[in-house]
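Following: one structure in structure tokens, then a few remarks.
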Amino acid sequence: MTTEAEKPKLAREEILLRTILDFQEGWLVNLGSGLPSYIANYCSPERNVVFHAENGVVGMGRMATREEVNINLTNALAQHILLVPGASIIDHVDSFALVRSGRLSATVMGAYHVASNRDFANVSRDPNVGGSGGGAMDMARNAQRVFIVMEHVSSEGQPKLLKRCTLPLTCPGVVTRVFTDLGVFDFGEDCFVIKEIAPGWTVDEVRALSEGDIVAAPDLKEIDLKALHEAIASDG
Amino acid sequence: MTTEAEKPKLAREEILLRTILDFQEGWLVNLGSGLPSYIANYCSPERNVVFHAENGVVGMGRMATREEVNINLTNALAQHILLVPGASIIDHVDSFALVRSGRLSATVMGAYHVASNRDFANVSRDPNVGGSGGGAMDMARNAQRVFIVMEHVSSEGQPKLLKRCTLPLTCPGVVTRVFTDLGVFDFGEDCFVIKEIAPGWTVDEVRALSEGDIVAAPDLKEIDLKALHEAIASDG
Amino acid sequence: MINKVVQTMDEAVSGIPDGATVMIGGFGSGIPYNLIAALHRQGAKELTVIAVNATTMNRTDIGFLEREGRIKTLISQAGDGRYPGIPQGTMVERIRAGGAGVPAFYTPTGVGTLLAEGKEHRDFNGRTYLLETALTADYALIPAWRADTFGNLQFEYTQRTINPTMARAANQTIVEVEEMVEGGELDPSFIHCPGVFVSQVVKIPPEPEGFHGRPLNIAGVPTRSRLGTRGV
Amino acid sequence: MINKVVQTMDEAVSGIPDGATVMIGGFGSGIPYNLIAALHRQGAKELTVIAVNATTMNRTDIGFLEREGRIKTLISQAGDGRYPGIPQGTMVERIRAGGAGVPAFYTPTGVGTLLAEGKEHRDFNGRTYLLETALTADYALIPAWRADTFGNLQFEYTQRTINPTMARAANQTIVEVEEMVEGGELDPSFIHCPGVFVSQVVKIPPEPEGFHGRPLNIAGVPTRSRLGTRGV
């Protein structure tokens, strides 16, 4: 935890932009609460990615402006949203039927802890008191891919990429990929594999802010922020 | 089986008319295949009885005439029907969810056998081969009342009110009331209790055409066909 | 068909006794603010409340009921230390089971978590599932966008959520609606909840009865944005 | 969103291989006559067919597939001596479970009958239930009344039946539709089946491709009777 304060990390928006690049045409993607819920604001309809909100939206668009608010149209966080053309509304039960039956190409959510055995925790900050995490357990257990989007260390400066989670699990053994403000992480044999790294950072510097083992991918590359902004801007 | 051929029994239509008199305002009633499916033709909307067809109709009306046919509007037997004002369509799953959750005030269906222990059989004429009877098992097991509407003896002259069913059961122990062309039957301790009898018939004559024990209700009365026709006619 | 219309929110909830089990609808949107306020005024206590939405208690008025000690048991998807919490998908499926005559079902959700402790685990086709049981209620309080006088309901957008499902899972369902039309005026093919599942329907008055002056709509902004043709 | 439109029934079913499990929709109404005819022409065999409607086989053209020996296994609600039969409510709930990620559930239906023999019995709250398992498929063939180009579907009246449920239970769903509109033209609040559950959608041609010249509509009578307003 040495150079942390001095070097720039990815901005929150940039973590989201990098996550969007992983979405493939035709995917159905659930956006979790917090940071991920803003992904629909940045991802253009031309990508042909359909966003799901678990309260029953298939085809969620960006957040509504004050003038666009309809009290009967929100996401699962009660944020006022718009729909994209071709959207449809389903009921709450049907929405989770969709989730459980494995229709989600990916779910994107935040986490307090991610472990190198693909476990993750985002339901409770109290090690002794569990929680349901709303729909997080449903999404995590049943989506085809679990993408975690988060800051690399906690607001108290503690590592969040761990050997083992010490908070109550949301779901064991399911995380596919982690996007943080320091890089993009896949998984190896009980380790994280860093595939992309924030500009100016070294793997050892990332390791210093992590507890779980971090292995550098053979094709490790630096995240090109300029290209990232351009790729997303071209959406619009 | 002595006087059977000579005495008039209730006409099929009259069995249906008598059945309708049992319906109370606000009831939701499923109409089974065969004879019961025509009940909606005779029962006026003013009775405020809502008819259910298990393919997903809540508020089934009479059969459609040739000019009224819509290929996308049938009952569960593929008979073209109309809807009453205020009807709604639900899907097939929701329709049986309604049935299983006990929402049906009554189900009306035919039977090959009804036994004095309230068992009945209408899924198969082969004692060794069962069948599902379509939705009959669902309706019989879960409706608040099971009304059986049938001729008192089979087309081969065999009794259908039995001590015990010898055909595969649709559901054990559920029949509430039986309407035949010879009378209206409730149940006592392993016996049928005849509550109303066809004009001109004696209880012994009905017993002769039954196998199960028949007990006469203290208030046994003769069915008043004239009043029956008038009561229903006033619906129209 | 039976006319289900009653005139006031207070009349609609007047029959709810102490100790009743009450489902309260909505999640994010679709919350029956006026009926919750009426239930608050009505005074019933020792209630068992089943609400997916209770995470946002302060915003739903369920919180008012709770702070006054009127809720004996709260069954909700989110735990807060006092309540254990239920995965949201499991919770809504349990309500669905209640209205579908299914006493119990298996779900993959929650396996390997604290919430699975003490639950029956069972494998089907090589995957592990948990047994979960149905939820039913004496009453459901829900909103709808449009009703006919027979209680047939339509919901707008995400106002729908768990509401039509609660109507099926409760013995009696009381509905507050934005618009009321004559019985038979709604297209039978596009009714989200048939009137047979509805006991009482009340039109929301022009000046909402919202608890503590809560506005039904957000002041100063349009309440509708139309993003597609409605029906035909 | 992805455009799901294909031009012909034959193209739509061309990918169905021998040995596939195929759900075929409808019950009384809502039967995909044109897709069944195309499947017949296509030649796939050793099929497992799941159809609630197979009691009326002669009228649905599933009978043609069967008489030619193309069906290895038929799963249907009505037994005919060769097939054991499934209570209709249990059958549709099993399909629903397949599309809902529920591997098994309990139902009261069938207890005390021949169909309960060999099944797991279990009591909940003093009542006995049977365990039943989910049904899923590789393909579903269904009709719809109206689709947009993204595959969002609306059904008219009892055309709906099991069709939106099969779309959810099958890996790929192929739809024949009476009317086609541009993507986004349907009201999002009144879509019976979202396009994410649909793989391909084909408009029924003016002259139906019905097998053996079967007319899609009954000759000489109007195909529509309007009994209520549609939507708004």
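Every chain in the structure tokens takes a letter, A first, then B, and so on in the order presented; its residues are numbered from 1, and the ligands are numbered from 1 following the presented order.
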Take chain B, superimpose it onto chain A by least squares using every C-alpha atom paired in sequence order, and output the result as a short mmCIF file (atom, residue, chain, number, x, y, z; two decimals) with C-alpha atoms, in the first residue's frame.
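To be explicit, this is the file written out as selection-v1.cif:
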```cif
data_model
loop_
_atom_site.label_atom_id
_atom_site.label_comp_id
_atom_site.auth_asym_id
_atom_site.auth_seq_id
_atom_site.Cartn_x
_atom_site.Cartn_y
_atom_site.Cartn_z
CA MET B 1 0.16 0.01 -0.16
CA THR B 2 2.97 2.29 -1.19
CA THR B 3 2.35 4.06 -4.42
CA GLU B 4 -1.39 3.76 -4.26
CA ALA B 5 -2.15 7.36 -3.38
CA GLU B 6 0.07 8.73 -6.07
CA LYS B 7 -0.88 6.79 -9.16
CA PRO B 8 -4.16 7.33 -10.96
CA LYS B 9 -6.47 4.37 -11.05
CA LEU B 10 -9.31 3.90 -13.50
CA ALA B 11 -12.23 6.21 -12.86
CA ARG B 12 -15.50 4.50 -11.99
CA GLU B 13 -16.83 5.36 -15.41
CA GLU B 14 -13.79 3.74 -16.99
CA ILE B 15 -14.37 0.50 -15.11
CA LEU B 16 -17.88 0.44 -16.57
CA LEU B 17 -16.64 1.26 -20.06
CA ARG B 18 -14.15 -1.59 -19.86
CA THR B 19 -16.86 -3.97 -18.69
CA ILE B 20 -19.11 -3.03 -21.60
CA LEU B 21 -16.38 -4.06 -24.06
CA ASP B 22 -16.82 -7.65 -22.88
CA PHE B 23 -20.48 -7.78 -23.83
CA GLN B 24 -21.22 -9.61 -27.06
CA GLU B 25 -24.03 -8.99 -29.49
CA GLY B 26 -27.24 -10.69 -28.43
CA TRP B 27 -26.32 -10.99 -24.78
CA LEU B 28 -28.93 -10.59 -22.06
CA VAL B 29 -27.25 -8.93 -19.08
CA ASN B 30 -28.54 -8.18 -15.59
CA LEU B 31 -27.20 -5.00 -14.04
CA GLY B 32 -26.88 -5.05 -10.27
CA SER B 33 -27.26 -2.24 -7.80
CA GLY B 34 -24.71 0.53 -7.34
CA LEU B 35 -22.09 1.07 -9.99
CA PRO B 36 -23.35 -1.57 -12.48
CA SER B 37 -26.80 0.00 -12.65
CA TYR B 38 -25.27 2.88 -14.62
CA ILE B 39 -23.91 0.65 -17.36
CA ALA B 40 -27.05 1.14 -19.44
CA ASN B 41 -26.25 4.85 -19.51
CA TYR B 42 -23.02 4.17 -21.37
CA CYS B 43 -23.87 1.25 -23.62
CA SER B 44 -25.42 2.12 -26.93
CA PRO B 45 -28.37 0.15 -28.32
CA GLU B 46 -26.27 -0.60 -31.42
CA ARG B 47 -24.32 -3.10 -29.36
CA ASN B 48 -27.50 -5.22 -29.31
CA VAL B 49 -27.05 -6.06 -25.67
CA VAL B 50 -30.33 -6.37 -23.80
CA PHE B 51 -30.30 -5.26 -20.18
CA HIS B 52 -32.46 -6.99 -17.60
CA ALA B 53 -33.68 -5.50 -14.35
CA GLU B 54 -34.96 -8.14 -11.98
CA ASN B 55 -38.15 -6.28 -11.12
CA GLY B 56 -39.30 -7.24 -14.61
CA VAL B 57 -37.59 -5.23 -17.34
CA VAL B 58 -36.19 -6.81 -20.47
CA GLY B 59 -34.63 -3.99 -22.45
CA MET B 60 -33.70 -1.42 -19.83
CA GLY B 61 -32.42 1.88 -21.17
CA ARG B 62 -30.65 4.78 -19.50
CA MET B 63 -31.74 6.53 -16.34
CA ALA B 64 -34.64 8.94 -16.84
CA THR B 65 -34.14 12.64 -16.55
CA ARG B 66 -36.48 14.53 -14.26
CA GLU B 67 -38.73 15.36 -17.19
CA GLU B 68 -38.89 11.75 -18.30
CA VAL B 69 -39.92 10.24 -14.97
CA ASN B 70 -42.86 7.84 -14.90
CA ILE B 71 -43.58 6.57 -11.41
CA ASN B 72 -44.54 3.23 -12.90
CA LEU B 73 -41.20 2.63 -14.57
CA THR B 74 -38.17 1.92 -12.40
CA ASN B 75 -35.36 -0.57 -12.09
CA ALA B 76 -35.03 -2.86 -9.07
CA LEU B 77 -33.45 -0.03 -7.07
CA ALA B 78 -36.44 2.24 -7.66
CA GLN B 79 -34.34 4.40 -9.97
CA HIS B 80 -36.44 5.89 -12.74
CA ILE B 81 -35.41 4.49 -16.07
CA LEU B 82 -36.35 4.47 -19.71
CA LEU B 83 -36.89 1.51 -21.98
CA VAL B 84 -35.17 0.83 -25.27
CA PRO B 85 -37.26 0.18 -28.40
CA GLY B 86 -38.42 -3.42 -28.31
CA ALA B 87 -38.34 -3.66 -24.53
CA SER B 88 -40.91 -5.71 -22.71
CA ILE B 89 -42.16 -5.89 -19.16
CA ILE B 90 -42.58 -9.18 -17.36
CA ASP B 91 -43.77 -9.81 -13.85
CA HIS B 92 -41.43 -10.31 -10.92
CA VAL B 93 -41.87 -14.07 -10.87
CA ASP B 94 -41.26 -14.45 -14.57
CA SER B 95 -38.21 -12.24 -14.24
CA PHE B 96 -36.56 -14.60 -11.77
CA ALA B 97 -37.76 -17.60 -13.73
CA LEU B 98 -35.68 -16.16 -16.54
CA VAL B 99 -32.74 -15.80 -14.16
CA ARG B 100 -32.96 -19.29 -12.66
CA SER B 101 -33.35 -20.97 -16.03
CA GLY B 102 -29.93 -19.69 -17.07
CA ARG B 103 -31.04 -17.15 -19.67
CA LEU B 104 -28.71 -14.40 -18.43
CA SER B 105 -25.56 -14.25 -20.54
CA ALA B 106 -23.99 -12.34 -17.69
CA THR B 107 -24.77 -10.66 -14.41
CA VAL B 108 -22.76 -7.62 -13.38
CA MET B 109 -22.58 -6.77 -9.70
CA GLY B 110 -20.41 -5.27 -7.04
CA ALA B 111 -18.73 -7.16 -4.19
CA TYR B 112 -17.08 -6.68 -0.81
CA HIS B 113 -14.85 -9.70 -1.35
CA VAL B 114 -13.83 -11.87 -4.28
CA ALA B 115 -11.70 -14.94 -3.59
CA SER B 116 -9.23 -16.77 -5.79
CA ASN B 117 -11.49 -19.83 -5.66
CA ARG B 118 -14.17 -17.77 -7.46
CA ASP B 119 -16.28 -17.29 -4.34
CA PHE B 120 -17.63 -13.83 -3.71
CA ALA B 121 -19.46 -11.91 -1.03
CA ASN B 122 -21.76 -8.94 -1.36
CA VAL B 123 -24.73 -9.65 0.90
CA SER B 124 -23.46 -8.44 4.27
CA ARG B 125 -20.57 -6.53 5.80
CA ASP B 126 -21.07 -8.44 9.05
CA PRO B 127 -19.20 -11.78 9.09
CA ASN B 128 -21.79 -13.28 11.43
CA VAL B 129 -25.00 -12.05 9.88
CA GLY B 130 -25.98 -13.23 6.44
CA GLY B 131 -28.37 -11.58 4.08
CA SER B 132 -30.01 -12.33 0.79
CA GLY B 133 -28.45 -9.51 -1.20
CA GLY B 134 -31.81 -9.01 -2.84
CA GLY B 135 -31.61 -10.93 -6.09
CA ALA B 136 -27.83 -11.29 -6.03
CA MET B 137 -27.86 -14.95 -5.00
CA ASP B 138 -30.28 -15.79 -7.80
CA MET B 139 -28.25 -13.99 -10.42
CA ALA B 140 -24.90 -15.29 -9.19
CA ARG B 141 -25.98 -18.92 -8.97
CA ASN B 142 -27.70 -19.04 -12.32
CA ALA B 143 -26.18 -16.59 -14.80
CA GLN B 144 -23.85 -17.94 -17.47
CA ARG B 145 -21.14 -15.46 -16.39
CA VAL B 146 -20.65 -13.51 -13.18
CA PHE B 147 -18.83 -10.24 -13.71
CA ILE B 148 -17.75 -8.38 -10.59
CA VAL B 149 -17.24 -4.63 -10.93
CA MET B 150 -15.64 -2.89 -7.95
CA GLU B 151 -12.84 -0.77 -6.61
CA HIS B 152 -9.73 -2.82 -5.98
CA VAL B 153 -9.50 -1.97 -2.27
CA SER B 154 -12.19 -1.08 0.24
CA SER B 155 -12.77 2.48 1.39
CA GLU B 156 -10.75 1.51 4.46
CA GLY B 157 -7.86 0.51 2.22
CA GLN B 158 -8.33 -3.23 2.76
CA PRO B 159 -7.81 -5.67 -0.09
CA LYS B 160 -10.95 -7.13 -1.67
CA LEU B 161 -9.27 -9.74 -3.89
CA LEU B 162 -8.71 -12.38 -1.23
CA LYS B 163 -7.47 -15.92 -0.80
CA ARG B 164 -10.79 -16.76 0.84
CA CYS B 165 -13.82 -14.61 1.57
CA THR B 166 -14.36 -13.82 5.26
CA LEU B 167 -17.81 -12.34 4.80
CA PRO B 168 -20.96 -14.43 4.18
CA LEU B 169 -20.90 -15.74 0.64
CA THR B 170 -23.33 -14.65 -2.03
CA CYS B 171 -22.36 -17.69 -4.04
CA PRO B 172 -19.40 -20.04 -4.01
CA GLY B 173 -17.26 -20.74 -7.04
CA VAL B 174 -19.00 -18.74 -9.74
CA VAL B 175 -17.07 -15.54 -10.53
CA THR B 176 -15.99 -15.38 -14.16
CA ARG B 177 -14.12 -12.09 -14.29
CA VAL B 178 -13.39 -9.12 -12.03
CA PHE B 179 -13.14 -5.55 -13.28
CA THR B 180 -11.47 -3.16 -10.84
CA ASP B 181 -9.86 0.24 -11.02
CA LEU B 182 -6.52 -1.57 -11.27
CA GLY B 183 -7.23 -4.19 -13.88
CA VAL B 184 -9.17 -7.06 -15.36
CA PHE B 185 -8.83 -10.43 -13.58
CA ASP B 186 -9.64 -13.96 -14.65
CA PHE B 187 -9.00 -17.07 -12.59
CA GLY B 188 -6.39 -19.82 -12.56
CA GLU B 189 -5.81 -22.67 -10.12
CA ASP B 190 -6.77 -20.88 -6.90
CA CYS B 191 -5.32 -17.62 -8.15
CA PHE B 192 -6.32 -14.49 -9.98
CA VAL B 193 -4.88 -14.05 -13.46
CA ILE B 194 -4.42 -10.41 -14.31
CA LYS B 195 -5.22 -9.94 -17.99
CA GLU B 196 -5.18 -6.17 -18.23
CA ILE B 197 -3.64 -3.61 -15.92
CA ALA B 198 -4.26 0.07 -15.23
CA PRO B 199 -1.84 2.40 -17.06
CA GLY B 200 1.37 2.95 -15.13
CA TRP B 201 0.82 0.13 -12.64
CA THR B 202 3.03 -2.94 -12.18
CA VAL B 203 1.79 -6.39 -11.26
CA ASP B 204 3.72 -6.20 -7.99
CA GLU B 205 1.96 -2.98 -7.11
CA VAL B 206 -1.38 -4.64 -7.76
CA ARG B 207 -0.28 -7.66 -5.69
CA ALA B 208 0.53 -5.33 -2.81
CA LEU B 209 -3.11 -4.25 -2.79
CA SER B 210 -4.45 -7.81 -3.01
CA GLU B 211 -4.44 -10.75 -0.64
CA GLY B 212 -5.16 -13.56 -3.07
CA ASP B 213 -2.40 -14.77 -5.35
CA ILE B 214 -2.11 -12.78 -8.57
CA VAL B 215 -0.54 -14.35 -11.65
CA ALA B 216 0.28 -12.28 -14.71
CA ALA B 217 -1.28 -13.52 -17.93
CA PRO B 218 1.24 -14.25 -20.69
CA ASP B 219 -0.52 -11.66 -22.82
CA LEU B 220 -0.95 -9.11 -20.04
CA LYS B 221 -1.53 -5.68 -21.48
CA GLU B 222 -2.11 -2.21 -20.26
CA ILE B 223 -5.62 -0.85 -20.54
CA ASP B 224 -5.67 1.77 -23.28
CA LEU B 225 -7.91 4.43 -21.78
CA LYS B 226 -7.94 6.55 -24.91
CA ALA B 227 -9.08 3.64 -27.05
CA LEU B 228 -11.62 2.72 -24.37
CA HIS B 229 -13.22 6.15 -24.44
CA GLU B 230 -13.21 6.16 -28.21
CA ALA B 231 -14.77 2.72 -28.50
CA ILE B 232 -17.63 3.71 -26.27
CA ALA B 233 -17.99 7.18 -27.70
CA SER B 234 -18.43 5.66 -31.14
CA ASP B 235 -21.48 3.88 -29.76
CA GLY B 236 -23.25 7.16 -29.34
#
```
Note to self: Taking only region 36-152 of chain B into account, list the residues labelled alpha helix (DSSP H) by DSSP (computed from the backbone), as a ChimeraX atom specification.
What the structure shows: /B:39-42,92-100,136-142
Preceding selection exported with C-alpha atoms as an mmCIF file, in the first residue's frame:
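Result went into result-v9.cif, see below:
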```cif
data_model
loop_
_atom_site.group_PDB
_atom_site.id
_atom_site.type_symbol
_atom_site.label_atom_id
_atom_site.label_comp_id
_atom_site.auth_asym_id
_atom_site.auth_seq_id
_atom_site.Cartn_x
_atom_site.Cartn_y
_atom_site.Cartn_z
ATOM 1 C CA ILE B 39 -74.035 -25.436 -19.187
ATOM 2 C CA ALA B 40 -72.828 -21.990 -20.217
ATOM 3 C CA ASN B 41 -75.423 -22.075 -22.994
ATOM 4 C CA TYR B 42 -78.215 -22.248 -20.440
ATOM 5 C CA HIS B 92 -52.589 -22.506 -19.452
ATOM 6 C CA VAL B 93 -50.241 -22.599 -16.479
ATOM 7 C CA ASP B 94 -52.014 -19.803 -14.672
ATOM 8 C CA SER B 95 -55.310 -21.531 -15.364
ATOM 9 C CA PHE B 96 -54.261 -24.660 -13.505
ATOM 10 C CA ALA B 97 -52.577 -22.588 -10.822
ATOM 11 C CA LEU B 98 -56.047 -21.191 -10.227
ATOM 12 C CA VAL B 99 -57.429 -24.729 -10.086
ATOM 13 C CA ARG B 100 -54.790 -26.143 -7.735
ATOM 14 C CA ALA B 136 -60.113 -33.863 -14.546
ATOM 15 C CA MET B 137 -57.718 -34.993 -11.818
ATOM 16 C CA ASP B 138 -56.633 -31.411 -11.190
ATOM 17 C CA MET B 139 -60.173 -30.124 -10.977
ATOM 18 C CA ALA B 140 -61.456 -33.025 -8.876
ATOM 19 C CA ARG B 141 -58.636 -32.910 -6.345
ATOM 20 C CA ASN B 142 -58.672 -29.175 -5.849
#
```
Margin query: Can you pull out the residues contacting region 144-146 of chain D? Cut-off 9 Å, using only C-alpha atoms, and skip same-chain residues under 6 positions away; I want them as a ChimeraX atom specification.
Written below: /B:72 /D:30,32,152-156,159-160,163,175-181
Writer output for current selection, all heavy atoms, as a CSV table (one decimal), in the first residue's frame:
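Output (out_8.csv):
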```csv
chain,number,residue,atom,x,y,z
B,72,ASN,N,-59.1,-18.4,-32.7
B,72,ASN,CA,-58.3,-18.2,-31.5
B,72,ASN,C,-59.1,-18.1,-30.2
B,72,ASN,O,-58.6,-17.6,-29.2
B,72,ASN,CB,-57.4,-16.9,-31.7
B,72,ASN,CG,-56.4,-17.1,-32.7
B,72,ASN,OD1,-55.9,-18.2,-33.0
B,72,ASN,ND2,-55.9,-16.0,-33.3
D,30,GLY,N,-54.5,-22.2,-30.8
D,30,GLY,CA,-53.0,-21.9,-30.5
D,30,GLY,C,-52.1,-23.0,-31.0
D,30,GLY,O,-51.0,-23.2,-30.5
D,32,PRO,N,-49.5,-24.6,-33.9
D,32,PRO,CA,-48.7,-24.1,-35.0
D,32,PRO,C,-48.8,-25.0,-36.2
D,32,PRO,O,-47.8,-25.7,-36.5
D,32,PRO,CB,-47.3,-24.1,-34.3
D,32,PRO,CG,-47.3,-25.3,-33.4
D,32,PRO,CD,-48.7,-25.3,-32.9
D,152,ASN,N,-40.9,-10.1,-30.0
D,152,ASN,CA,-41.8,-9.9,-28.9
D,152,ASN,C,-43.2,-10.4,-29.4
D,152,ASN,O,-43.6,-10.1,-30.5
D,152,ASN,CB,-41.9,-8.4,-28.5
D,152,ASN,CG,-40.6,-8.0,-27.8
D,152,ASN,OD1,-40.2,-8.5,-26.8
D,152,ASN,ND2,-40.0,-6.9,-28.4
D,153,LEU,N,-43.9,-11.1,-28.6
D,153,LEU,CA,-45.2,-11.8,-29.0
D,153,LEU,C,-46.4,-11.3,-28.2
D,153,LEU,O,-46.3,-11.1,-27.0
D,153,LEU,CB,-45.0,-13.3,-28.9
D,153,LEU,CG,-43.8,-14.0,-29.5
D,153,LEU,CD1,-43.9,-15.5,-29.3
D,153,LEU,CD2,-43.7,-13.7,-31.0
D,154,GLN,N,-47.5,-11.3,-29.0
D,154,GLN,CA,-48.8,-11.1,-28.4
D,154,GLN,C,-49.7,-12.3,-28.9
D,154,GLN,O,-49.6,-12.7,-30.1
D,154,GLN,CB,-49.5,-9.8,-28.7
D,154,GLN,CG,-48.8,-8.6,-28.1
D,154,GLN,CD,-49.4,-7.3,-28.5
D,154,GLN,OE1,-49.9,-7.2,-29.6
D,154,GLN,NE2,-49.3,-6.3,-27.7
D,155,PHE,N,-50.6,-12.8,-28.0
D,155,PHE,CA,-51.5,-13.9,-28.4
D,155,PHE,C,-52.9,-13.3,-28.3
D,155,PHE,O,-53.2,-12.5,-27.5
D,155,PHE,CB,-51.3,-15.1,-27.5
D,155,PHE,CG,-49.9,-15.6,-27.5
D,155,PHE,CD1,-49.0,-15.2,-26.5
D,155,PHE,CD2,-49.5,-16.6,-28.4
D,155,PHE,CE1,-47.7,-15.8,-26.5
D,155,PHE,CE2,-48.3,-17.1,-28.4
D,155,PHE,CZ,-47.3,-16.7,-27.5
D,156,GLU,N,-53.7,-13.9,-29.2
D,156,GLU,CA,-55.1,-13.5,-29.1
D,156,GLU,C,-55.9,-14.5,-28.4
D,156,GLU,O,-55.9,-15.7,-28.8
D,156,GLU,CB,-55.7,-13.3,-30.5
D,156,GLU,CG,-57.1,-12.7,-30.5
D,156,GLU,CD,-57.8,-12.7,-31.8
D,156,GLU,OE1,-57.7,-13.7,-32.6
D,156,GLU,OE2,-58.4,-11.7,-32.2
D,159,GLN,N,-55.5,-18.5,-28.0
D,159,GLN,CA,-54.3,-18.9,-28.7
D,159,GLN,C,-53.1,-18.9,-27.8
D,159,GLN,O,-52.1,-19.6,-28.0
D,159,GLN,CB,-54.1,-17.8,-29.8
D,159,GLN,CG,-52.9,-18.1,-30.7
D,159,GLN,CD,-52.6,-16.9,-31.6
D,159,GLN,OE1,-52.6,-15.8,-31.1
D,159,GLN,NE2,-52.3,-17.2,-32.8
D,160,ARG,N,-53.3,-18.3,-26.6
D,160,ARG,CA,-52.1,-18.2,-25.7
D,160,ARG,C,-51.8,-19.6,-25.1
D,160,ARG,O,-50.6,-20.0,-25.2
D,160,ARG,CB,-52.4,-17.2,-24.6
D,160,ARG,CG,-51.1,-16.8,-23.9
D,160,ARG,CD,-51.3,-15.8,-22.8
D,160,ARG,NE,-52.4,-14.8,-22.9
D,160,ARG,CZ,-52.8,-14.1,-21.9
D,160,ARG,NH1,-52.2,-14.1,-20.7
D,160,ARG,NH2,-53.8,-13.2,-22.1
D,163,ASN,N,-48.4,-21.6,-24.9
D,163,ASN,CA,-47.3,-21.2,-25.9
D,163,ASN,C,-46.3,-20.3,-25.3
D,163,ASN,O,-45.1,-20.5,-25.5
D,163,ASN,CB,-48.0,-20.5,-27.1
D,163,ASN,CG,-48.8,-21.6,-27.9
D,163,ASN,OD1,-48.3,-22.7,-28.1
D,163,ASN,ND2,-50.0,-21.3,-28.3
D,175,VAL,N,-41.5,-19.4,-34.1
D,175,VAL,CA,-42.9,-18.8,-34.0
D,175,VAL,C,-43.5,-18.5,-35.3
D,175,VAL,O,-42.9,-17.9,-36.2
D,175,VAL,CB,-42.9,-17.5,-33.1
D,175,VAL,CG1,-44.3,-17.1,-32.8
D,175,VAL,CG2,-42.1,-17.7,-31.8
D,176,GLU,N,-44.7,-19.0,-35.6
D,176,GLU,CA,-45.5,-18.6,-36.8
D,176,GLU,C,-46.5,-17.5,-36.3
D,176,GLU,O,-47.2,-17.7,-35.3
D,176,GLU,CB,-46.1,-19.7,-37.5
D,176,GLU,CG,-47.1,-20.5,-36.6
D,176,GLU,CD,-47.9,-21.6,-37.4
D,176,GLU,OE1,-47.2,-22.6,-37.8
D,176,GLU,OE2,-49.1,-21.4,-37.7
D,177,VAL,N,-46.5,-16.4,-37.1
D,177,VAL,CA,-47.4,-15.3,-36.6
D,177,VAL,C,-48.3,-14.8,-37.7
D,177,VAL,O,-48.0,-14.9,-38.9
D,177,VAL,CB,-46.6,-14.1,-36.1
D,177,VAL,CG1,-45.7,-14.5,-34.9
D,177,VAL,CG2,-45.7,-13.5,-37.2
D,178,GLU,N,-49.5,-14.3,-37.2
D,178,GLU,CA,-50.5,-13.8,-38.2
D,178,GLU,C,-50.1,-12.4,-38.6
D,178,GLU,O,-50.4,-12.1,-39.8
D,178,GLU,CB,-51.9,-13.8,-37.5
D,178,GLU,CG,-52.3,-15.2,-37.0
D,178,GLU,CD,-53.6,-15.2,-36.3
D,178,GLU,OE1,-54.5,-14.4,-36.5
D,178,GLU,OE2,-53.8,-16.1,-35.4
D,179,GLU,N,-49.6,-11.6,-37.7
D,179,GLU,CA,-49.2,-10.2,-38.1
D,179,GLU,C,-47.8,-9.9,-37.6
D,179,GLU,O,-47.4,-10.4,-36.6
D,179,GLU,CB,-50.2,-9.2,-37.4
D,179,GLU,CG,-51.6,-9.3,-37.9
D,179,GLU,CD,-52.5,-8.3,-37.2
D,179,GLU,OE1,-52.0,-7.1,-37.1
D,179,GLU,OE2,-53.6,-8.6,-36.8
D,180,MET,N,-47.1,-9.1,-38.4
D,180,MET,CA,-45.8,-8.7,-38.0
D,180,MET,C,-45.6,-7.2,-38.1
D,180,MET,O,-46.1,-6.6,-39.1
D,180,MET,CB,-44.8,-9.3,-39.0
D,180,MET,CG,-43.3,-9.1,-38.7
D,180,MET,SD,-42.6,-10.5,-37.8
D,180,MET,CE,-42.5,-11.7,-39.1
D,181,VAL,N,-45.1,-6.7,-37.0
D,181,VAL,CA,-44.9,-5.2,-37.0
D,181,VAL,C,-43.4,-4.9,-36.7
D,181,VAL,O,-42.6,-5.8,-36.4
D,181,VAL,CB,-45.7,-4.5,-35.9
D,181,VAL,CG1,-47.2,-4.8,-36.2
D,181,VAL,CG2,-45.3,-5.0,-34.5
```
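The shortest atom-to-atom distance to Ile86 (chain C), with only C-alpha atoms taken into account, belongs to C:Leu115 out of C:Ile174, C:Ala51, C:Leu115, C:Val202.
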